[in-house]
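File shown: my_file_11.json (JSON, C-alpha atoms).
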```json
[["chain", "number", "residue", "atom", "x", "y", "z"],
["H", 1, "MET", "CA", 34.20, -24.86, 12.68],
["H", 2, "ASN", "CA", 34.98, -22.90, 9.51],
["H", 3, "GLY", "CA", 37.42, -22.95, 6.59],
["H", 4, "ASN", "CA", 39.83, -20.43, 8.12],
["H", 5, "ALA", "CA", 41.72, -22.00, 11.06],
["H", 6, "LYS", "CA", 43.17, -18.61, 12.17],
["H", 7, "ASP", "CA", 39.73, -17.09, 12.66],
["H", 8, "LEU", "CA", 38.92, -17.80, 16.31],
["H", 9, "ARG", "CA", 35.74, -15.70, 16.41],
["H", 10, "THR", "CA", 32.43, -17.34, 17.22],
["H", 11, "PRO", "CA", 29.67, -17.36, 14.61],
["H", 12, "LEU", "CA", 27.81, -14.71, 16.62],
["H", 13, "LYS", "CA", 30.87, -12.44, 16.64],
["H", 14, "ARG", "CA", 31.28, -12.84, 12.87],
["H", 15, "ALA", "CA", 27.60, -11.97, 12.32],
["H", 16, "ARG", "CA", 27.59, -8.82, 14.46],
["H", 17, "GLY", "CA", 27.55, -5.60, 12.53],
["H", 18, "LEU", "CA", 26.12, -7.18, 9.37],
["H", 19, "GLY", "CA", 22.63, -5.81, 9.97],
["H", 20, "SER", "CA", 19.48, -6.95, 11.63],
["H", 21, "ALA", "CA", 18.04, -10.32, 10.74],
["H", 22, "LYS", "CA", 14.61, -8.63, 10.83],
["H", 23, "ASP", "CA", 15.54, -6.18, 8.08],
["H", 24, "GLY", "CA", 13.69, -7.95, 5.25],
["H", 25, "THR", "CA", 10.41, -8.51, 7.09],
["H", 26, "HIS", "CA", 8.87, -5.26, 5.88],
["H", 27, "HIS", "CA", 9.69, -6.07, 2.27],
["H", 28, "PHE", "CA", 8.45, -9.65, 2.66],
["H", 29, "ILE", "CA", 5.11, -8.52, 4.11],
["H", 30, "TRP", "CA", 4.53, -5.92, 1.39],
["H", 31, "GLN", "CA", 5.32, -8.50, -1.28],
["H", 32, "ARG", "CA", 2.63, -10.78, 0.17],
["H", 33, "ILE", "CA", 0.10, -7.95, 0.52],
["H", 34, "THR", "CA", 0.59, -6.78, -3.07],
["H", 35, "ALA", "CA", 0.37, -10.38, -4.29],
["H", 36, "LEU", "CA", -2.94, -10.84, -2.47],
["H", 37, "ALA", "CA", -4.34, -7.52, -3.69],
["H", 38, "THR", "CA", -3.25, -8.22, -7.27],
["H", 39, "GLY", "CA", -4.63, -11.74, -7.13],
["H", 40, "LEU", "CA", -8.05, -10.72, -5.81],
["H", 41, "SER", "CA", -8.45, -7.76, -8.14],
["H", 42, "GLY", "CA", -7.08, -9.91, -10.98],
["H", 43, "LEU", "CA", -9.87, -12.43, -10.40],
["H", 44, "TRP", "CA", -12.39, -9.58, -10.64],
["H", 45, "LEU", "CA", -10.72, -8.39, -13.83],
["H", 46, "LEU", "CA", -10.71, -11.91, -15.27],
["H", 47, "GLY", "CA", -14.43, -12.21, -14.58],
["H", 48, "MET", "CA", -15.00, -8.85, -16.28],
["H", 49, "VAL", "CA", -12.98, -9.85, -19.35],
["H", 50, "LEU", "CA", -14.71, -13.21, -19.66],
["H", 51, "SER", "CA", -18.11, -11.53, -19.47],
["H", 52, "LEU", "CA", -17.12, -9.23, -22.36],
["H", 53, "ARG", "CA", -16.29, -11.91, -24.93],
["H", 54, "THR", "CA", -18.95, -10.77, -27.40],
["H", 55, "ALA", "CA", -19.42, -7.18, -26.23],
["H", 56, "ASP", "CA", -18.96, -4.17, -28.45],
["H", 57, "TYR", "CA", -16.93, -1.03, -27.73],
["H", 58, "ALA", "CA", -19.78, 0.88, -26.05],
["H", 59, "VAL", "CA", -20.42, -1.93, -23.55],
["H", 60, "VAL", "CA", -16.73, -2.25, -22.69],
["H", 61, "HIS", "CA", -16.42, 1.52, -22.30],
["H", 62, "ALA", "CA", -19.48, 1.62, -20.03],
["H", 63, "LEU", "CA", -18.13, -1.23, -17.93],
["H", 64, "VAL", "CA", -14.74, 0.44, -17.42],
["H", 65, "ALA", "CA", -16.45, 3.78, -16.76],
["H", 66, "ASP", "CA", -18.41, 2.24, -13.87],
["H", 67, "PRO", "CA", -16.81, 3.61, -10.66],
["H", 68, "VAL", "CA", -16.56, 0.22, -8.94],
["H", 69, "ASN", "CA", -14.92, -1.45, -11.93],
["H", 70, "ALA", "CA", -12.60, 1.52, -12.51],
["H", 71, "THR", "CA", -11.56, 1.43, -8.84],
["H", 72, "VAL", "CA", -10.82, -2.29, -8.97],
["H", 73, "LEU", "CA", -8.91, -1.84, -12.22],
["H", 74, "VAL", "CA", -6.80, 0.97, -10.72],
["H", 75, "ALA", "CA", -6.17, -1.16, -7.61],
["H", 76, "PHE", "CA", -5.05, -4.02, -9.86],
["H", 77, "LEU", "CA", -2.67, -1.77, -11.79],
["H", 78, "LEU", "CA", -1.13, -0.18, -8.70],
["H", 79, "GLY", "CA", -0.76, -3.51, -6.92],
["H", 80, "MET", "CA", 0.70, -5.18, -10.00],
["H", 81, "PHE", "CA", 3.34, -2.53, -10.65],
["H", 82, "TRP", "CA", 4.26, -2.27, -6.97],
["H", 83, "HIS", "CA", 4.57, -6.07, -6.75],
["H", 84, "ALA", "CA", 6.68, -6.10, -9.91],
["H", 85, "LYS", "CA", 8.97, -3.43, -8.46],
["H", 86, "LEU", "CA", 9.41, -5.40, -5.23],
["H", 87, "GLY", "CA", 10.13, -8.64, -7.09],
["H", 88, "LEU", "CA", 12.61, -7.05, -9.48],
["H", 89, "GLN", "CA", 14.31, -5.37, -6.52],
["H", 90, "VAL", "CA", 14.94, -8.77, -4.93],
["H", 91, "ILE", "CA", 16.24, -10.21, -8.22],
["H", 92, "ILE", "CA", 18.65, -7.29, -8.66],
["H", 93, "GLU", "CA", 19.85, -7.55, -5.05],
["H", 94, "ASP", "CA", 20.47, -11.28, -5.45],
["H", 95, "TYR", "CA", 22.08, -11.43, -8.88],
["H", 96, "VAL", "CA", 23.74, -8.06, -9.61],
["H", 97, "HIS", "CA", 27.00, -7.92, -7.72],
["H", 98, "THR", "CA", 28.45, -4.62, -8.95],
["H", 99, "PRO", "CA", 27.23, -1.76, -6.71],
["H", 100, "LEU", "CA", 27.00, 0.84, -9.47],
["H", 101, "THR", "CA", 25.17, -1.49, -11.86],
["H", 102, "GLY", "CA", 22.83, -2.55, -9.06],
["H", 103, "ALA", "CA", 22.01, 1.04, -8.14],
["H", 104, "VAL", "CA", 21.37, 2.00, -11.78],
["H", 105, "ALA", "CA", 19.19, -1.09, -12.26],
["H", 106, "GLN", "CA", 17.21, -0.32, -9.08],
["H", 107, "LEU", "CA", 16.60, 3.26, -10.23],
["H", 108, "ALA", "CA", 15.59, 2.08, -13.70],
["H", 109, "VAL", "CA", 13.10, -0.41, -12.25],
["H", 110, "LEU", "CA", 11.68, 2.25, -9.93],
["H", 111, "PHE", "CA", 11.22, 4.82, -12.71],
["H", 112, "ILE", "CA", 9.87, 2.34, -15.26],
["H", 113, "CYS", "CA", 7.34, 0.86, -12.82],
["H", 114, "ALA", "CA", 6.26, 4.31, -11.64],
["H", 115, "LEU", "CA", 5.92, 5.62, -15.19],
["H", 116, "ALA", "CA", 3.97, 2.56, -16.33],
["H", 117, "ALA", "CA", 1.69, 2.75, -13.28],
["H", 118, "ILE", "CA", 1.00, 6.45, -13.80],
["H", 119, "ALA", "CA", 0.29, 5.97, -17.52],
["H", 120, "SER", "CA", -2.01, 3.02, -16.83],
["H", 121, "VAL", "CA", -3.97, 4.78, -14.09],
["H", 122, "LEU", "CA", -4.33, 7.90, -16.25],
["H", 123, "ALA", "CA", -5.66, 5.75, -19.11],
["H", 124, "VAL", "CA", -8.29, 4.18, -16.83],
["H", 125, "LEU", "CA", -9.24, 7.59, -15.43],
["H", 126, "ARG", "CA", -9.53, 9.03, -18.90],
["H", 127, "ILE", "CA", -11.94, 6.26, -19.88],
["H", 128, "ALA", "CA", -13.84, 6.44, -16.59],
["H", 129, "LEU", "CA", -14.23, 10.22, -16.62],
["H", 130, "GLY", "CA", -15.01, 10.38, -20.32],
["H", 131, "SER", "CA", -12.27, 12.83, -21.24]]
```

Would you mind writing the structure in this file as structure tokens?
Amino acid sequence: MNGNAKDLRTPLKRARGLGSAKDGTHHFIWQRITALATGLSGLWLLGMVLSLRTADYAVVHALVADPVNATVLVAFLLGMFWHAKLGLQVIIEDYVHTPLTGAVAQLAVLFICALAAIASVLAVLRIALGS
């Protein structure tokens, strides 16, 4: 049955109160959605980069300033940083066993990903709007 012979509880009784088995579904789905969004927009970005192999600065600037390309680039950046945050969250939950260290690491990942996403989106908007 189990390693402790004095524990006469059933497996169901031992599992009660430990949380819902459906708790991670939301996180799992968002990880897949952000992976799909990042992958599709990444393919668009890869096509853009490959088409710019011999382009000069003005052509690259005009391409990024195009509203469709800027939108796809912003979608790629947001999806990538959100996906990174979700993945790092799982790694921290699995491998950091000290509650305080885990909480500090989770906050650091959240702030770093948010800051990087904001800076990246602002850079694209600055190019796209010509400021």

- Task: Would you be able to write out as a ChimeraX atom specification which residues have an atom within 12 Å of (-13.2, -0.1, -6.8) in the file's coordinates, counting all atoms listed in the file?
- Result: /H:37,40-41,44-45,64-77,124,128

- Query: Quick one: distance from CA of His61 (chain H) to CA of Gly39 (chain H) in Å, one decimal?
  - Reply: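 These atoms are spaced 23.3 Å apart.
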
- Message: as JSON, numbers by chain, please: the residues near Thr34 (chain H) (cut-off 9 Å, only C-alpha atoms, same-chain neighbours under 3 positions excluded).
- Response: {"H": [29, 30, 31, 37, 38, 39, 78, 79, 80, 82, 83]}

- Nearest to Cys113 (chain H) among H:Ala35, H:Ala15, H:Phe81, H:Leu50, with distances taken over all atoms listed in the file: which residue is it? H:Phe81

- Message: Considering only C-alpha atoms, can you say which of H:Leu100, H:Tyr95, H:Lys85, H:Gly130 comes closest to Ala117 (chain H)?
- Response: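 Of H:Leu100, H:Tyr95, H:Lys85, H:Gly130, the one nearest Ala117 (chain H) is H:Lys85, counting only C-alpha atoms.
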
- Have a look at H:Leu46, H:Ala114, H:Leu88, H:Ala55 and name the one nearest to Gly102 (chain H); count all atoms listed in the file.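 Looking only at the distances to Gly102 (chain H), the closest residue turns out to be H:Leu88.
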
- Expressed in Å to a single decimal, how great is the separation between CA of Gly87 (chain H) and CA of Met48 (chain H)?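 It comes out at 26.8 Å.
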
- Item | Atomic separation - CA of Phe111 (chain H) relative to CA of Thr98 (chain H), Å | 20.0 Å

For region 83-96 of chain H, take all atoms listed in the file, fit an axis-aligned box around them, add 4 Å to each of the six sides, then output centre and edge lengths in Å rounded to one decimal, as AutoDock Vina command-line options.
```
--center_x 14.2 --center_y -7.4 --center_z -7.4 --size_x 27.2 --size_y 16.0 --size_z 13.0
```

- Counting all atoms listed in the file, what is within 12 Å of His26 (chain H), bar same-chain residues fewer than 6 positions away, as a VMD selection string? chain H and resid 32 to 33 86
